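*Asks:* Contents of protein07.cif (mmCIF, C-alpha atoms and all ligand atoms) are given next:
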```cif
data_data
loop_
_atom_site.label_atom_id
_atom_site.label_comp_id
_atom_site.auth_asym_id
_atom_site.auth_seq_id
_atom_site.Cartn_x
_atom_site.Cartn_y
_atom_site.Cartn_z
CA MET A 89 16.99 167.11 209.27
CA PRO A 90 17.64 170.81 209.61
CA LYS A 91 15.45 173.29 207.82
CA TYR A 92 16.88 176.38 206.15
CA LYS A 93 15.50 179.86 206.60
CA LEU A 94 15.70 182.15 203.61
CA GLU A 95 14.85 185.76 204.29
CA TYR A 96 13.68 187.15 200.95
CA ILE A 97 14.20 190.93 201.02
CA TRP A 98 13.15 193.52 198.44
CA LEU A 99 12.43 197.23 197.96
CA ASP A 100 8.84 198.40 198.14
CA GLY A 101 7.14 201.06 195.99
CA TYR A 102 7.24 204.01 198.40
CA GLN A 103 8.46 207.32 196.99
CA PRO A 104 10.85 209.06 197.09
CA VAL A 105 12.61 206.50 199.29
CA PRO A 106 11.76 202.80 199.13
CA ASN A 107 11.58 200.73 202.31
CA LEU A 108 13.13 197.33 202.78
CA ARG A 109 10.65 194.47 203.19
CA GLY A 110 11.34 190.86 204.06
CA LYS A 111 9.62 187.54 204.67
CA THR A 112 10.93 184.09 205.47
CA LYS A 113 10.76 181.03 203.28
CA VAL A 114 11.63 177.69 204.93
CA ILE A 115 13.20 175.06 202.69
CA ASN A 116 14.65 171.58 203.21
CA GLU A 117 18.03 171.87 201.52
CA ALA A 118 20.79 174.41 201.99
CA PRO A 119 21.08 176.67 198.94
CA GLN A 120 24.52 176.56 197.34
CA SER A 121 23.97 179.61 195.18
CA VAL A 122 21.25 182.09 194.28
CA GLU A 123 20.12 179.72 191.50
CA ASP A 124 18.89 177.36 194.23
CA CYS A 125 16.46 180.01 195.51
CA PRO A 126 13.03 179.73 193.86
CA LEU A 127 10.99 182.62 192.58
CA TRP A 128 8.42 183.79 195.11
CA GLY A 129 5.50 186.21 195.26
CA PHE A 130 4.06 188.79 197.61
CA ASP A 131 1.06 191.05 198.03
CA GLY A 132 2.01 194.18 196.15
CA SER A 133 -1.14 195.98 197.26
CA SER A 134 0.41 196.24 200.74
CA THR A 135 3.68 197.74 199.50
CA GLN A 136 2.44 200.36 197.01
CA GLN A 137 3.37 198.07 194.12
CA ALA A 138 -0.05 196.84 192.92
CA GLU A 139 -3.81 197.36 193.13
CA GLY A 140 -5.75 195.12 195.51
CA SER A 141 -7.74 193.58 192.66
CA ASN A 142 -4.57 192.30 190.97
CA SER A 143 -2.06 192.23 193.75
CA ASP A 144 0.62 189.67 193.01
CA CYS A 145 4.19 190.79 192.40
CA MET A 146 7.11 188.43 191.90
CA LEU A 147 10.40 188.19 193.76
CA LYS A 148 13.36 187.23 191.61
CA PRO A 149 16.41 186.28 193.72
CA VAL A 150 19.58 188.09 192.64
CA GLY A 151 21.94 187.59 195.59
CA LEU A 152 22.45 185.02 198.37
CA TYR A 153 24.07 186.00 201.69
CA PRO A 154 24.73 183.84 204.78
CA ASP A 155 22.79 185.25 207.76
CA ALA A 156 24.91 184.79 210.89
CA ALA A 157 22.15 186.08 213.18
CA ARG A 158 19.93 183.11 212.37
CA GLU A 159 20.59 179.40 212.65
CA ASN A 160 20.66 177.92 209.13
CA GLY A 161 19.76 181.36 207.85
CA TYR A 162 20.33 183.16 204.55
CA ILE A 163 19.33 186.50 203.16
CA VAL A 164 18.06 186.47 199.58
CA MET A 165 18.23 189.87 197.88
CA CYS A 166 15.45 190.12 195.29
CA GLU A 167 14.30 192.24 192.38
CA VAL A 168 10.59 192.89 192.03
CA MET A 169 9.09 191.65 188.76
CA MET A 170 5.65 191.81 187.17
CA PRO A 171 3.52 188.63 187.34
CA ASP A 172 5.02 187.44 184.02
CA CYS A 173 8.33 187.12 185.93
CA THR A 174 10.28 188.69 183.07
CA THR A 175 9.17 192.35 183.04
CA PRO A 176 10.78 194.44 185.78
CA HIS A 177 8.29 196.22 188.04
CA PRO A 178 8.39 200.04 187.62
CA SER A 179 9.88 200.29 191.14
CA ASN A 180 12.78 198.05 190.11
CA TYR A 181 15.67 200.45 189.47
CA ARG A 182 18.20 197.63 189.59
CA ALA A 183 16.90 196.66 186.17
CA THR A 184 17.82 200.12 184.82
CA ILE A 185 21.55 199.60 185.36
CA LEU A 186 23.36 199.24 182.04
CA ASP A 187 26.11 196.98 183.26
CA ASP A 188 28.35 196.75 180.22
CA PRO A 189 30.86 194.05 181.21
CA GLU A 190 33.42 195.56 178.83
CA MET A 191 33.45 198.70 180.96
CA GLU A 192 34.58 196.76 184.05
CA ALA A 193 33.15 199.37 186.41
CA TRP A 194 34.16 199.27 190.07
CA PHE A 195 32.26 201.08 192.79
CA GLY A 196 33.01 202.04 196.40
CA LEU A 197 30.13 203.58 198.34
CA GLU A 198 30.54 205.34 201.70
CA GLN A 199 27.27 205.02 203.58
CA GLU A 200 26.82 207.60 206.36
CA TYR A 201 23.90 207.45 208.83
CA PHE A 202 22.80 208.48 212.31
CA LEU A 203 21.80 206.11 215.10
CA TYR A 204 18.74 207.39 217.01
CA HIS A 205 16.99 206.61 220.26
CA ASN A 206 13.68 208.30 221.11
CA LYS A 207 14.00 210.46 217.98
CA ARG A 208 17.38 211.90 219.06
CA PRO A 209 20.86 210.85 217.90
CA LEU A 210 22.57 208.43 220.31
CA GLY A 211 24.59 210.32 222.89
CA TRP A 212 22.71 213.61 222.45
CA PRO A 213 21.02 215.18 225.51
CA ASN A 214 17.21 214.98 225.56
CA ASP A 215 17.01 218.76 225.21
CA GLY A 216 19.44 221.01 223.42
CA PHE A 217 22.62 219.94 221.73
CA PRO A 218 25.88 218.18 222.56
CA ASP A 219 29.25 219.98 222.36
CA PRO A 220 29.94 221.37 218.88
CA GLN A 221 31.50 219.17 216.22
CA GLY A 222 35.22 218.68 216.37
CA GLU A 223 36.23 215.60 218.34
CA TYR A 224 33.55 213.17 217.19
CA TYR A 225 35.00 212.24 213.77
CA THR A 226 36.94 208.97 214.23
CA GLY A 227 36.68 209.72 217.96
CA VAL A 228 36.93 207.45 220.96
CA GLY A 229 35.61 207.63 224.50
CA TYR A 230 32.17 207.90 226.09
CA ALA A 231 32.04 211.68 225.69
CA ASN A 232 32.55 211.31 221.94
CA VAL A 233 30.60 208.19 220.96
CA GLY A 234 28.20 207.48 223.86
CA SER A 235 27.67 204.00 225.28
CA VAL A 236 25.97 201.58 222.87
CA ALA A 237 26.78 202.93 219.43
CA ARG A 238 30.11 201.18 219.10
CA GLU A 239 28.63 197.87 220.18
CA ILE A 240 26.05 198.20 217.40
CA VAL A 241 28.47 199.20 214.66
CA GLU A 242 30.91 196.42 215.62
CA GLN A 243 28.16 193.80 215.52
CA HIS A 244 26.96 195.19 212.23
CA LEU A 245 30.44 194.94 210.76
CA ASP A 246 30.70 191.28 211.81
CA LEU A 247 27.25 190.47 210.40
CA CYS A 248 28.21 192.05 207.07
CA LEU A 249 31.56 190.26 206.90
CA ASP A 250 29.88 186.95 207.75
CA ALA A 251 27.41 187.65 204.94
CA GLY A 252 30.28 188.00 202.50
CA ILE A 253 29.76 191.73 201.99
CA ASN A 254 32.99 193.44 201.02
CA HIS A 255 33.21 196.07 203.73
CA GLU A 256 36.37 198.10 203.43
CA GLY A 257 36.04 199.97 206.70
CA ILE A 258 33.92 201.77 209.27
CA ASN A 259 34.37 205.02 211.16
CA ALA A 260 32.67 207.43 213.54
CA GLU A 261 31.64 210.55 211.60
CA VAL A 262 31.74 214.31 212.14
CA ALA A 263 28.44 214.70 214.02
CA LYS A 264 27.85 212.94 217.33
CA GLY A 265 25.84 209.76 216.74
CA GLN A 266 26.85 209.66 213.05
CA TRP A 267 28.70 206.68 211.55
CA GLU A 268 29.92 205.37 208.20
CA PHE A 269 30.69 202.09 206.50
CA GLN A 270 32.32 201.63 203.12
CA ILE A 271 31.56 198.86 200.65
CA PHE A 272 33.58 198.17 197.50
CA SER A 273 32.74 195.89 194.62
CA LYS A 274 33.92 195.13 191.12
CA GLY A 275 30.49 195.56 189.55
CA SER A 276 27.73 198.09 190.08
CA LYS A 277 24.87 195.70 190.81
CA LYS A 278 26.86 193.77 193.39
CA CYS A 279 27.95 196.96 195.17
CA ALA A 280 24.40 198.31 195.25
CA ASP A 281 22.95 194.94 196.37
CA ASP A 282 25.52 194.83 199.17
CA ILE A 283 24.55 198.33 200.36
CA TRP A 284 20.87 197.32 200.57
CA VAL A 285 21.70 194.09 202.43
CA ALA A 286 24.00 196.01 204.81
CA ARG A 287 21.18 198.52 205.43
CA TYR A 288 18.80 195.63 206.13
CA LEU A 289 21.23 194.01 208.59
CA LEU A 290 21.71 197.32 210.42
CA LEU A 291 17.99 198.04 210.70
CA ARG A 292 17.25 194.54 211.97
CA LEU A 293 20.17 194.55 214.44
CA CYS A 294 19.04 197.88 215.92
CA GLU A 295 15.53 196.59 216.71
CA SER A 296 16.62 194.90 219.95
CA TYR A 297 18.47 198.04 221.08
CA LYS A 298 15.35 200.18 220.53
CA VAL A 299 17.53 202.17 218.18
CA ASP A 300 16.44 203.60 214.83
CA VAL A 301 18.62 204.32 211.85
CA GLU A 302 18.14 207.84 210.48
CA TRP A 303 19.14 207.77 206.82
CA HIS A 304 17.96 211.31 206.04
CA CYS A 305 20.70 213.47 204.55
CA LYS A 306 20.25 216.46 206.88
CA PRO A 307 18.48 215.59 210.12
CA PHE A 308 19.69 218.82 211.79
CA LEU A 309 20.03 222.18 210.13
CA GLY A 310 22.73 224.49 211.44
CA ASP A 311 26.28 223.53 212.21
CA TRP A 312 25.80 219.77 212.02
CA ASN A 313 27.12 217.68 209.16
CA GLY A 314 24.61 215.98 206.93
CA SER A 315 24.97 212.40 205.73
CA GLY A 316 26.22 211.45 202.30
CA MET A 317 26.89 208.34 200.35
CA HIS A 318 29.98 209.35 198.38
CA CYS A 319 30.29 207.27 195.27
CA ASN A 320 33.83 206.29 194.24
CA PHE A 321 33.95 204.86 190.74
CA SER A 322 36.31 203.74 188.03
CA THR A 323 36.21 201.89 184.74
CA LYS A 324 38.90 199.85 183.03
CA HIS A 325 39.54 202.81 180.74
CA MET A 326 39.88 205.20 183.67
CA ARG A 327 42.22 202.84 185.52
CA GLU A 328 44.42 201.82 182.59
CA VAL A 329 44.30 204.60 179.96
CA GLY A 330 43.01 207.76 181.64
CA GLY A 331 44.69 211.00 180.54
CA LYS A 332 43.67 214.62 181.04
CA ASP A 333 41.84 214.84 177.74
CA TYR A 334 39.49 211.95 178.57
CA PHE A 335 39.06 213.26 182.12
CA MET A 336 37.99 216.73 180.87
CA LYS A 337 35.44 215.14 178.51
CA LEU A 338 34.14 213.03 181.36
CA MET A 339 33.72 216.10 183.56
CA ASP A 340 31.88 217.87 180.70
CA SER A 341 29.47 214.94 180.58
CA PHE A 342 28.89 215.13 184.34
CA GLU A 343 28.33 218.89 184.13
CA LYS A 344 25.87 218.54 181.24
CA ASN A 345 23.85 215.98 183.21
CA ILE A 346 23.82 217.83 186.53
CA ASP A 347 20.01 217.71 186.88
CA GLU A 348 19.80 214.01 186.06
CA HIS A 349 22.48 213.25 188.63
CA ILE A 350 20.85 215.29 191.38
CA ALA A 351 17.51 213.58 190.62
CA ALA A 352 19.15 210.20 191.23
CA TYR A 353 21.18 211.17 194.30
CA GLY A 354 18.54 211.09 197.04
CA PRO A 355 15.79 213.42 198.31
CA ASP A 356 16.22 216.73 200.14
CA ASN A 357 19.80 217.09 198.93
CA HIS A 358 19.35 220.88 198.74
CA LEU A 359 19.44 220.85 202.54
CA ARG A 360 22.84 219.13 202.51
CA LEU A 361 24.58 220.42 199.37
CA THR A 362 24.91 224.01 200.56
CA GLY A 363 28.57 224.74 199.87
CA LEU A 364 29.29 224.30 203.60
CA HIS A 365 30.25 221.17 205.60
CA GLU A 366 32.52 219.71 202.91
CA THR A 367 29.95 220.00 200.10
CA GLN A 368 29.43 221.91 196.85
CA SER A 369 26.12 223.78 196.30
CA ILE A 370 23.42 221.69 194.68
CA ASP A 371 23.16 223.92 191.58
CA LYS A 372 26.89 224.08 190.85
CA PHE A 373 29.16 221.48 189.33
CA SER A 374 32.87 221.49 190.08
CA TRP A 375 35.79 219.14 190.34
CA GLY A 376 38.99 219.63 192.30
CA ILE A 377 42.12 217.79 193.29
CA ALA A 378 41.70 216.62 196.91
CA ASP A 379 38.87 219.18 197.18
CA ARG A 380 36.16 218.07 199.59
CA GLY A 381 34.15 221.16 198.69
CA ALA A 382 33.85 220.06 195.05
CA SER A 383 31.10 217.95 193.45
CA ILE A 384 33.76 215.52 192.28
CA ARG A 385 36.94 215.05 194.28
CA VAL A 386 39.96 213.98 192.27
CA PRO A 387 42.34 211.99 194.48
CA HIS A 388 45.99 213.14 194.46
CA SER A 389 46.95 209.71 193.17
CA PHE A 390 44.71 210.23 190.12
CA ALA A 391 46.25 213.57 189.13
CA ASN A 392 49.78 212.31 189.83
CA ASP A 393 49.29 209.21 187.68
CA ASP A 394 48.35 210.97 184.42
CA TYR A 395 44.64 211.17 185.36
CA LYS A 396 44.30 207.44 185.88
CA GLY A 397 42.41 205.74 188.70
CA TYR A 398 39.10 206.44 190.43
CA LEU A 399 37.01 209.55 191.12
CA GLU A 400 34.72 210.41 194.03
CA ASP A 401 31.29 211.93 193.36
CA ARG A 402 30.50 213.54 196.71
CA ARG A 403 26.89 214.49 195.93
CA PRO A 404 24.91 211.24 196.44
CA ASN A 405 23.24 211.29 199.85
CA SER A 406 22.73 208.77 202.60
CA GLN A 407 19.10 208.13 201.67
CA GLY A 408 19.85 207.66 197.99
CA ASP A 409 19.13 204.41 196.19
CA PRO A 410 22.48 202.90 195.13
CA TYR A 411 20.79 201.32 192.09
CA GLN A 412 19.75 204.75 190.81
CA ILE A 413 23.11 206.32 191.73
CA CYS A 414 25.24 203.70 189.95
CA SER A 415 22.82 203.58 187.01
CA ARG A 416 23.14 207.33 186.42
CA ILE A 417 26.92 207.40 186.75
CA LEU A 418 27.29 204.55 184.26
CA LYS A 419 25.00 206.36 181.77
CA THR A 420 27.07 209.55 182.01
CA ILE A 421 30.33 207.62 181.55
CA ALA A 422 28.85 205.75 178.57
CA GLU A 423 28.14 209.07 176.82
CA VAL A 424 31.89 209.78 176.55
CA PRO A 425 33.77 208.01 173.75
CA THR A 426 36.94 206.29 174.92
CA SER A 427 38.78 206.80 171.64
P1 LIG A 501 37.22 209.22 202.14
O1 LIG A 501 36.41 209.18 203.41
O2 LIG A 501 38.54 209.90 202.30
O3 LIG A 501 36.46 209.76 200.97
P2 LIG A 501 37.07 206.26 202.15
O4 LIG A 501 38.27 205.42 202.46
O5 LIG A 501 35.97 206.32 203.15
O6 LIG A 501 37.63 207.72 201.76
O7 LIG A 501 36.40 205.76 200.78
C1 LIG A 501 37.14 205.60 199.59
C2 LIG A 501 36.45 204.55 198.75
O8 LIG A 501 37.05 204.49 197.46
C3 LIG A 501 36.49 203.16 199.32
O9 LIG A 501 35.17 202.69 199.49
C4 LIG A 501 37.19 202.36 198.21
O10 LIG A 501 36.62 201.10 198.08
C5 LIG A 501 36.92 203.18 196.97
N1 LIG A 501 37.88 202.90 195.89
C6 LIG A 501 39.23 202.78 195.99
N2 LIG A 501 39.76 202.49 194.78
C7 LIG A 501 38.75 202.43 193.89
C8 LIG A 501 38.65 202.18 192.48
N3 LIG A 501 39.74 201.94 191.73
N4 LIG A 501 37.42 202.21 191.90
C9 LIG A 501 36.33 202.48 192.64
N5 LIG A 501 36.36 202.73 193.97
C10 LIG A 501 37.54 202.71 194.60
MN MN A 502 34.86 207.89 204.03
MN MN A 503 32.39 210.22 205.53
MN MN A 504 34.42 210.18 200.72
#
```
Represent the structure of the file as structure tokens.
Ligand code: ADP
Ligand code: MN
Ligand code: MN
Ligand code: MN

*Replies:*
Amino acid sequence: MPKYKLEYIWLDGYQPVPNLRGKTKVINEAPQSVEDCPLWGFDGSSTQQAEGSNSDCMLKPVGLYPDAARENGYIVMCEVMMPDCTTPHPSNYRATILDDPEMEAWFGLEQEYFLYHNKRPLGWPNDGFPDPQGEYYTGVGYANVGSVAREIVEQHLDLCLDAGINHEGINAEVAKGQWEFQIFSKGSKKCADDIWVARYLLLRLCESYKVDVEWHCKPFLGDWNGSGMHCNFSTKHMREVGGKDYFMKLMDSFEKNIDEHIAAYGPDNHLRLTGLHETQSIDKFSWGIADRGASIRVPHSFANDDYKGYLEDRRPNSQGDPYQICSRILKTIAEVPTS
């Protein structure tokens, strides 16, 4: 009789950026859905989620993903709950998402990151810098992407697809050693869960290559692009009704909440949102049609279709927590009446 390996993964209590944690539960029957995965506990005093004298925290499974890297393996994405199993732990931002089903929100997140070896991006010389940016974005060839990066990103893509994650694409990015994947989902929690599972799969895959993933939004100052996690979003109203009047009210709501958005969009964003390198300054809010220097980029298709479709908030960064990012965007949208 085969045994089944469930890797329960969750976010710890570290600030400002949580770490992924995971431990394996072996069970006798293959889970058909997340409902087949039992609640589990862990020692919260080792993850900055509890005091040693009262250390139990609970893991509530919220997503089940086939794990192609492991025989009879699954990944179980979990929320952290208090010992009563019903109160979300303060570190559980997934529980803050107001997912109004009537809104029918769709999200597409573009996760950028650097691959590192010995604390330097893959393909960079040990001292000094590689050739200036220009040919790396979507580039090909050893001079542009180095020797192992593509092998890693290809394997990562396959692992994610096997897990049922809705990747929409991958590409080499503007800085050498920088990459991106895009995940789309009809539903904020699913999209954010998928980003965390994809991050987990990448980190675990890179272990055997002695490669680290650098999620920080601006690893190198100077003329090197930082890493973002652009958030593309739409609601049923935006897709089907739209109109310039509603769009202007929506932008007013985003402008009014600028501080709340920046607080949810990942640490150290002032280093990245400078007004250079396809960004708007951190203290300014702007929108623009096809404008990659705006806070919010309005796709041509949106403006041409009577302000219907999706928008791209370019401010969230690569280290941001997708639960907090989606949660904030949904709150700001909810503040605007649709009639
Ligand atoms: P770019 O790099 O030019 O910003 P990408 O192709 O990397 O564009 O990302 C665009 C993202 O927009 C994709 O992740 C896609 O899933 C997302 N997207 C497309 N249509 C919608 C929509 N209606 N609602 C939400 N997101 C969408
Ligand atoms: Mn992109
Ligand atoms: Mn990009
Ligand atoms: Mn983008």

*Asks:* Please write out the residues within 12 Å of ligand MN 502 (chain A) as a ChimeraX atom specification, counting only C-alpha atoms and all ligand atoms.

*Replies:* /A:196-201,225-226,255-262,267-272,315-320,380,400-402

*Asks:* Tell me, in Å to one decimal, how far CA of Pro307 in chain A is from CA of Asn206 in chain A.

*Replies:*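 Computing it gives 14.0 Å between the two atoms.
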
*Asks:* Could you check which of A:Gly129, A:Asp188, A:Trp284, A:Ala157 is closest to Met170 in chain A, using only C-alpha atoms?

*Replies:*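 Ranked by minimum distance to Met170 in chain A, first place goes to A:Gly129.
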
*Asks:* Can you tell me which residues surround Glu190 in chain A at a distance of at most 10 Å, considering only C-alpha atoms, apart from same-chain residues fewer than 5 positions away, and format the answer as a PyMOL selection string?

*Replies:* chain A and resi 323-325

*Asks:* So how far away is CA of Val329 in chain A from CA of Lys372 in chain A, in Å?

*Replies:*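 Spanning CA of Lys372 in chain A to CA of Val329 in chain A is a straight-line distance of 28.3 Å.
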
*Asks:* Skip range 335-351 of chain A itself and residues of its chain fewer than 2 positions away, then list as a list in words all residues within 8 Å of it, counting all atoms listed in the file.

*Replies:* Gly330, Gly331, Lys332, Asp333, Tyr353, Gly354, Pro355, Asn357, Ile370, Asp371, Phe373, Ser374, Trp375, Tyr395, Arg403, Pro404, Ile413, Arg416, Ile417, Thr420, Ile421, Glu423 and Val424 of chain A

*Asks:* Find the residues near Asp100 in chain A: any atom within 12 Å, counting only C-alpha atoms, skip ones fewer than 2 places away on the same chain, and give them as a PyMOL selection string.

*Replies:* chain A and resi 97-98+102-110+130-138+145-147+166-169+177-181

*Asks:* Only C-alpha atoms, please: the residues just picked out, written as a compact mmCIF listing (two decimals), in the coordinates of the input.

*Replies:*
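So the final result, stored in part23.txt, reads:
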```txt
# COMPACT_ATOMS: atom_id res chain seq x y z
CA ILE A 97 14.20 190.93 201.02
CA TRP A 98 13.15 193.52 198.44
CA TYR A 102 7.24 204.01 198.40
CA GLN A 103 8.46 207.32 196.99
CA PRO A 104 10.85 209.06 197.09
CA VAL A 105 12.61 206.50 199.29
CA PRO A 106 11.76 202.80 199.13
CA ASN A 107 11.58 200.73 202.31
CA LEU A 108 13.13 197.33 202.78
CA ARG A 109 10.65 194.47 203.19
CA GLY A 110 11.34 190.86 204.06
CA PHE A 130 4.06 188.79 197.61
CA ASP A 131 1.06 191.05 198.03
CA GLY A 132 2.01 194.18 196.15
CA SER A 133 -1.14 195.98 197.26
CA SER A 134 0.41 196.24 200.74
CA THR A 135 3.68 197.74 199.50
CA GLN A 136 2.44 200.36 197.01
CA GLN A 137 3.37 198.07 194.12
CA ALA A 138 -0.05 196.84 192.92
CA CYS A 145 4.19 190.79 192.40
CA MET A 146 7.11 188.43 191.90
CA LEU A 147 10.40 188.19 193.76
CA CYS A 166 15.45 190.12 195.29
CA GLU A 167 14.30 192.24 192.38
CA VAL A 168 10.59 192.89 192.03
CA MET A 169 9.09 191.65 188.76
CA HIS A 177 8.29 196.22 188.04
CA PRO A 178 8.39 200.04 187.62
CA SER A 179 9.88 200.29 191.14
CA ASN A 180 12.78 198.05 190.11
CA TYR A 181 15.67 200.45 189.47
```

*Asks:* Let me make sure I understand: among A:Phe390, A:Tyr224, A:Phe321, A:Tyr92, which one has the smallest atom-to-atom distance to Leu418 in chain A if we use all atoms listed in the file?

*Replies:*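 Answer, going by the shortest atom-to-atom distance: A:Phe321.
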
*Asks:* Can you measure CA of Asp379 in chain A to CA of Gln266 in chain A for me? One decimal in Å is fine.

*Replies:*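 Computed distance, CA of Asp379 in chain A to CA of Gln266 in chain A, equals 22.1 Å.
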
*Asks:* Using N, CA and C atoms, give me range 120-145 of chain A from the structure I just pasted, as a PDB file, in the first residue's frame.

*Replies:*
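For reference, decode.pdb as written:
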```pdb
ATOM      1  N   GLN A 120      -8.474  13.518  -2.123  1.00  0.00           N
ATOM      2  CA  GLN A 120      -9.160  13.900  -3.367  1.00  0.00           C
ATOM      3  C   GLN A 120      -9.337  15.411  -3.456  1.00  0.00           C
ATOM      4  N   SER A 121      -9.454  16.037  -2.297  1.00  0.00           N
ATOM      5  CA  SER A 121      -9.621  17.490  -2.274  1.00  0.00           C
ATOM      6  C   SER A 121      -9.073  17.982  -0.947  1.00  0.00           C
ATOM      7  N   VAL A 122      -9.055  19.309  -0.794  1.00  0.00           N
ATOM      8  CA  VAL A 122      -8.490  19.878   0.434  1.00  0.00           C
ATOM      9  C   VAL A 122      -9.284  19.454   1.673  1.00  0.00           C
ATOM     10  N   GLU A 123     -10.561  19.108   1.469  1.00  0.00           N
ATOM     11  CA  GLU A 123     -11.387  18.663   2.612  1.00  0.00           C
ATOM     12  C   GLU A 123     -10.851  17.355   3.211  1.00  0.00           C
ATOM     13  N   ASP A 124     -10.096  16.597   2.427  1.00  0.00           N
ATOM     14  CA  ASP A 124      -9.534  15.344   2.939  1.00  0.00           C
ATOM     15  C   ASP A 124      -8.263  15.560   3.762  1.00  0.00           C
ATOM     16  N   CYS A 125      -7.808  16.807   3.855  1.00  0.00           N
ATOM     17  CA  CYS A 125      -6.569  17.088   4.589  1.00  0.00           C
ATOM     18  C   CYS A 125      -6.933  17.546   6.001  1.00  0.00           C
ATOM     19  N   PRO A 126      -6.505  16.799   7.017  1.00  0.00           N
ATOM     20  CA  PRO A 126      -6.891  17.166   8.391  1.00  0.00           C
ATOM     21  C   PRO A 126      -6.206  18.440   8.878  1.00  0.00           C
ATOM     22  N   LEU A 127      -6.828  19.057   9.864  1.00  0.00           N
ATOM     23  CA  LEU A 127      -6.148  20.143  10.579  1.00  0.00           C
ATOM     24  C   LEU A 127      -4.874  19.591  11.200  1.00  0.00           C
ATOM     25  N   TRP A 128      -3.888  20.479  11.395  1.00  0.00           N
ATOM     26  CA  TRP A 128      -2.641  20.025  12.008  1.00  0.00           C
ATOM     27  C   TRP A 128      -2.115  21.173  12.854  1.00  0.00           C
ATOM     28  N   GLY A 129      -1.111  20.902  13.684  1.00  0.00           N
ATOM     29  CA  GLY A 129      -0.557  21.953  14.532  1.00  0.00           C
ATOM     30  C   GLY A 129       0.937  22.080  14.353  1.00  0.00           C
ATOM     31  N   PHE A 130       1.494  23.151  14.899  1.00  0.00           N
ATOM     32  CA  PHE A 130       2.955  23.302  14.884  1.00  0.00           C
ATOM     33  C   PHE A 130       3.359  24.174  16.065  1.00  0.00           C
ATOM     34  N   ASP A 131       4.671  24.214  16.269  1.00  0.00           N
ATOM     35  CA  ASP A 131       5.233  24.962  17.398  1.00  0.00           C
ATOM     36  C   ASP A 131       5.429  26.423  17.014  1.00  0.00           C
ATOM     37  N   GLY A 132       4.449  27.238  17.363  1.00  0.00           N
ATOM     38  CA  GLY A 132       4.505  28.644  16.989  1.00  0.00           C
ATOM     39  C   GLY A 132       5.614  29.423  17.673  1.00  0.00           C
ATOM     40  N   SER A 133       6.186  28.861  18.748  1.00  0.00           N
ATOM     41  CA  SER A 133       7.254  29.605  19.428  1.00  0.00           C
ATOM     42  C   SER A 133       8.545  29.581  18.605  1.00  0.00           C
ATOM     43  N   SER A 134       8.607  28.698  17.604  1.00  0.00           N
ATOM     44  CA  SER A 134       9.784  28.646  16.737  1.00  0.00           C
ATOM     45  C   SER A 134       9.611  29.438  15.448  1.00  0.00           C
ATOM     46  N   THR A 135       8.441  30.053  15.286  1.00  0.00           N
ATOM     47  CA  THR A 135       8.165  30.780  14.036  1.00  0.00           C
ATOM     48  C   THR A 135       7.686  32.214  14.307  1.00  0.00           C
ATOM     49  N   GLN A 136       7.937  32.704  15.506  1.00  0.00           N
ATOM     50  CA  GLN A 136       7.478  34.034  15.918  1.00  0.00           C
ATOM     51  C   GLN A 136       5.955  34.158  15.847  1.00  0.00           C
ATOM     52  N   GLN A 137       5.265  33.057  16.201  1.00  0.00           N
ATOM     53  CA  GLN A 137       3.806  33.110  16.203  1.00  0.00           C
ATOM     54  C   GLN A 137       3.191  32.768  17.566  1.00  0.00           C
ATOM     55  N   ALA A 138       4.033  32.454  18.558  1.00  0.00           N
ATOM     56  CA  ALA A 138       3.500  32.147  19.894  1.00  0.00           C
ATOM     57  C   ALA A 138       4.620  32.221  20.921  1.00  0.00           C
ATOM     58  N   GLU A 139       4.234  32.308  22.193  1.00  0.00           N
ATOM     59  CA  GLU A 139       5.188  32.221  23.301  1.00  0.00           C
ATOM     60  C   GLU A 139       5.473  30.757  23.586  1.00  0.00           C
ATOM     61  N   GLY A 140       6.662  30.471  24.108  1.00  0.00           N
ATOM     62  CA  GLY A 140       7.036  29.089  24.401  1.00  0.00           C
ATOM     63  C   GLY A 140       6.107  28.406  25.388  1.00  0.00           C
ATOM     64  N   SER A 141       5.535  29.191  26.334  1.00  0.00           N
ATOM     65  CA  SER A 141       4.699  28.588  27.368  1.00  0.00           C
ATOM     66  C   SER A 141       3.329  28.158  26.842  1.00  0.00           C
ATOM     67  N   ASN A 142       2.966  28.677  25.641  1.00  0.00           N
ATOM     68  CA  ASN A 142       1.654  28.332  25.080  1.00  0.00           C
ATOM     69  C   ASN A 142       1.831  28.343  23.566  1.00  0.00           C
ATOM     70  N   SER A 143       2.476  27.281  23.062  1.00  0.00           N
ATOM     71  CA  SER A 143       3.122  27.422  21.760  1.00  0.00           C
ATOM     72  C   SER A 143       2.334  26.877  20.573  1.00  0.00           C
ATOM     73  N   ASP A 144       1.214  26.204  20.819  1.00  0.00           N
ATOM     74  CA  ASP A 144       0.561  25.571  19.677  1.00  0.00           C
ATOM     75  C   ASP A 144      -0.168  26.570  18.788  1.00  0.00           C
ATOM     76  N   CYS A 145       0.050  26.442  17.469  1.00  0.00           N
ATOM     77  CA  CYS A 145      -0.768  27.146  16.491  1.00  0.00           C
ATOM     78  C   CYS A 145      -1.355  26.075  15.583  1.00  0.00           C
TER      79      CYS A 145
END
```
